Amino acid sequence: MSTVLKKTRSLEDTKLHYCPGCSHGIVHRLVCEVIDEMEMREQTVGIAPVGCSVFLDAYFDFDIIQAAHGRAPAVATGVKRALPENLVFTYQGDGDLASIGMSEMVHAAARGERITIIFINNTNYGMTGGQMAPTTLEQQVTTTTPAGRDTRLAGFPIQVPELLSSLPGAVYLSRVSAHNPKNINKAKKSIRKAFQAQMDGLGFSLVEILSTCPTNWRMNPVQSIQWLEENMMEIYPLGELKSVEGVS
């Protein structure tokens, strides 16, 4: 009997701590599958953030460095410059990346650092109780916006790939989702292109992945998928926002 499916080598055989219905586990598998298919496990360094995915070292069977809150792109820059042949990526949520870490992200992209950012957008601060994040939708209820996000006071949701698209150093920017099989397959292909752009020495790459957060959205997993489709995808349309010549 032949084996048709098995656990990817780079993913540890460990029970995940994430809430039921959360997309982190799916994205972990996709990242590890791509690394294994590229045969880069022994040359990969991941940078863990502060947030729900703070325990990456427990799940990924390759080198992981823990960064201070928001500083993962700066740490990744140092690692990549010291080890230019390695695959170096950060794995960050919307609070870690688009709030406290905004400066590090933008300047890494402006410099064209050959790193990749895997950006999980679930429109709230997931680990600390569901507060408003830079990606929270207009009128979305969170623990710090009980009447909904008021753009007159808090501004508008930040669209990260669009924000970076004008920078020449950013060579591949995409937005995908992990809410159904079709989009999960597209997400994997996008992660592969981002990693390959890095290894080809083209510049900075980022993949934003729309994620569900049933616990903080106060929904069950099925309802959260429907909410993502009906609300998030209007503000955060899926697709490749930028792909320069040579990205494949």
# chains A, B, ... in the order shown; residues from 1 in each chain; ligands from 1
call {"tool": "residues_around", "arguments": {"residues": "stretch 103-119 of chain A", "least_positions_apart": "6", "cutoff": "9 Å", "atoms": "only C-alpha atoms", "output": "VMD selection string"}}
result
chain A and resid 31 70 to 74 76 to 77 80 to 81 84 87 to 94 97 163 to 164 167 to 171 191 194 to 195 197 to 210
call {"tool": "select_by_dssp", "arguments": {"residues": "stretch 88-170 of chain A", "states": "strand (DSSP E or B)", "output": "ChimeraX atom specification"}}
result
/A:88-93,116-121,124-125,131-132,142,145,170
call {"tool": "select_by_dssp", "arguments": {"residues": "stretch 136-204 of chain A", "states": "helix (DSSP H, G or I)", "output": "ChimeraX atom specification"}}
result
/A:151-154,160-164,181-199
call {"tool": "write_last_selection", "arguments": {"atoms": "C-alpha atoms", "output": "PDB file, in the first residue's frame"}}
result
ATOM      1  CA  THR A 151     -13.314  56.287  11.989  1.00  0.00           C
ATOM      2  CA  ARG A 152     -13.628  59.903  13.127  1.00  0.00           C
ATOM      3  CA  LEU A 153     -11.739  58.937  16.274  1.00  0.00           C
ATOM      4  CA  ALA A 154      -9.695  55.875  15.307  1.00  0.00           C
ATOM      5  CA  VAL A 160      -0.934  46.685   4.407  1.00  0.00           C
ATOM      6  CA  PRO A 161      -0.044  45.384   0.896  1.00  0.00           C
ATOM      7  CA  GLU A 162      -1.577  48.482  -0.685  1.00  0.00           C
ATOM      8  CA  LEU A 163       0.423  50.654   1.703  1.00  0.00           C
ATOM      9  CA  LEU A 164       3.695  48.990   0.673  1.00  0.00           C
ATOM     10  CA  PRO A 181     -10.094  24.700   0.546  1.00  0.00           C
ATOM     11  CA  LYS A 182      -9.946  26.734  -2.662  1.00  0.00           C
ATOM     12  CA  ASN A 183      -8.412  29.726  -0.946  1.00  0.00           C
ATOM     13  CA  ILE A 184      -6.131  27.587   1.208  1.00  0.00           C
ATOM     14  CA  ASN A 185      -4.609  26.190  -1.998  1.00  0.00           C
ATOM     15  CA  LYS A 186      -4.154  29.717  -3.341  1.00  0.00           C
ATOM     16  CA  ALA A 187      -2.560  30.767  -0.055  1.00  0.00           C
ATOM     17  CA  LYS A 188       0.016  27.991  -0.319  1.00  0.00           C
ATOM     18  CA  LYS A 189       0.949  29.027  -3.851  1.00  0.00           C
ATOM     19  CA  SER A 190       1.328  32.622  -2.718  1.00  0.00           C
ATOM     20  CA  ILE A 191       3.582  31.660   0.196  1.00  0.00           C
ATOM     21  CA  ARG A 192       5.729  29.647  -2.215  1.00  0.00           C
ATOM     22  CA  LYS A 193       6.085  32.622  -4.566  1.00  0.00           C
ATOM     23  CA  ALA A 194       7.031  34.920  -1.691  1.00  0.00           C
ATOM     24  CA  PHE A 195       9.681  32.521  -0.397  1.00  0.00           C
ATOM     25  CA  GLN A 196      11.030  31.946  -3.904  1.00  0.00           C
ATOM     26  CA  ALA A 197      11.270  35.691  -4.560  1.00  0.00           C
ATOM     27  CA  GLN A 198      13.402  35.955  -1.439  1.00  0.00           C
ATOM     28  CA  MET A 199      15.685  33.073  -2.375  1.00  0.00           C
TER      29      MET A 199
END
call {"tool": "atom_distance", "arguments": {"atom1": "atom CA of A:Val176", "atom2": "atom CA of A:Asn231"}}
result
14.7 Å
call {"tool": "residues_around", "arguments": {"residues": "A:Gly148", "least_positions_apart": "3", "cutoff": "9 Å", "atoms": "only C-alpha atoms", "output": "number ranges by chain"}}
result
A: 137-142, 144-145
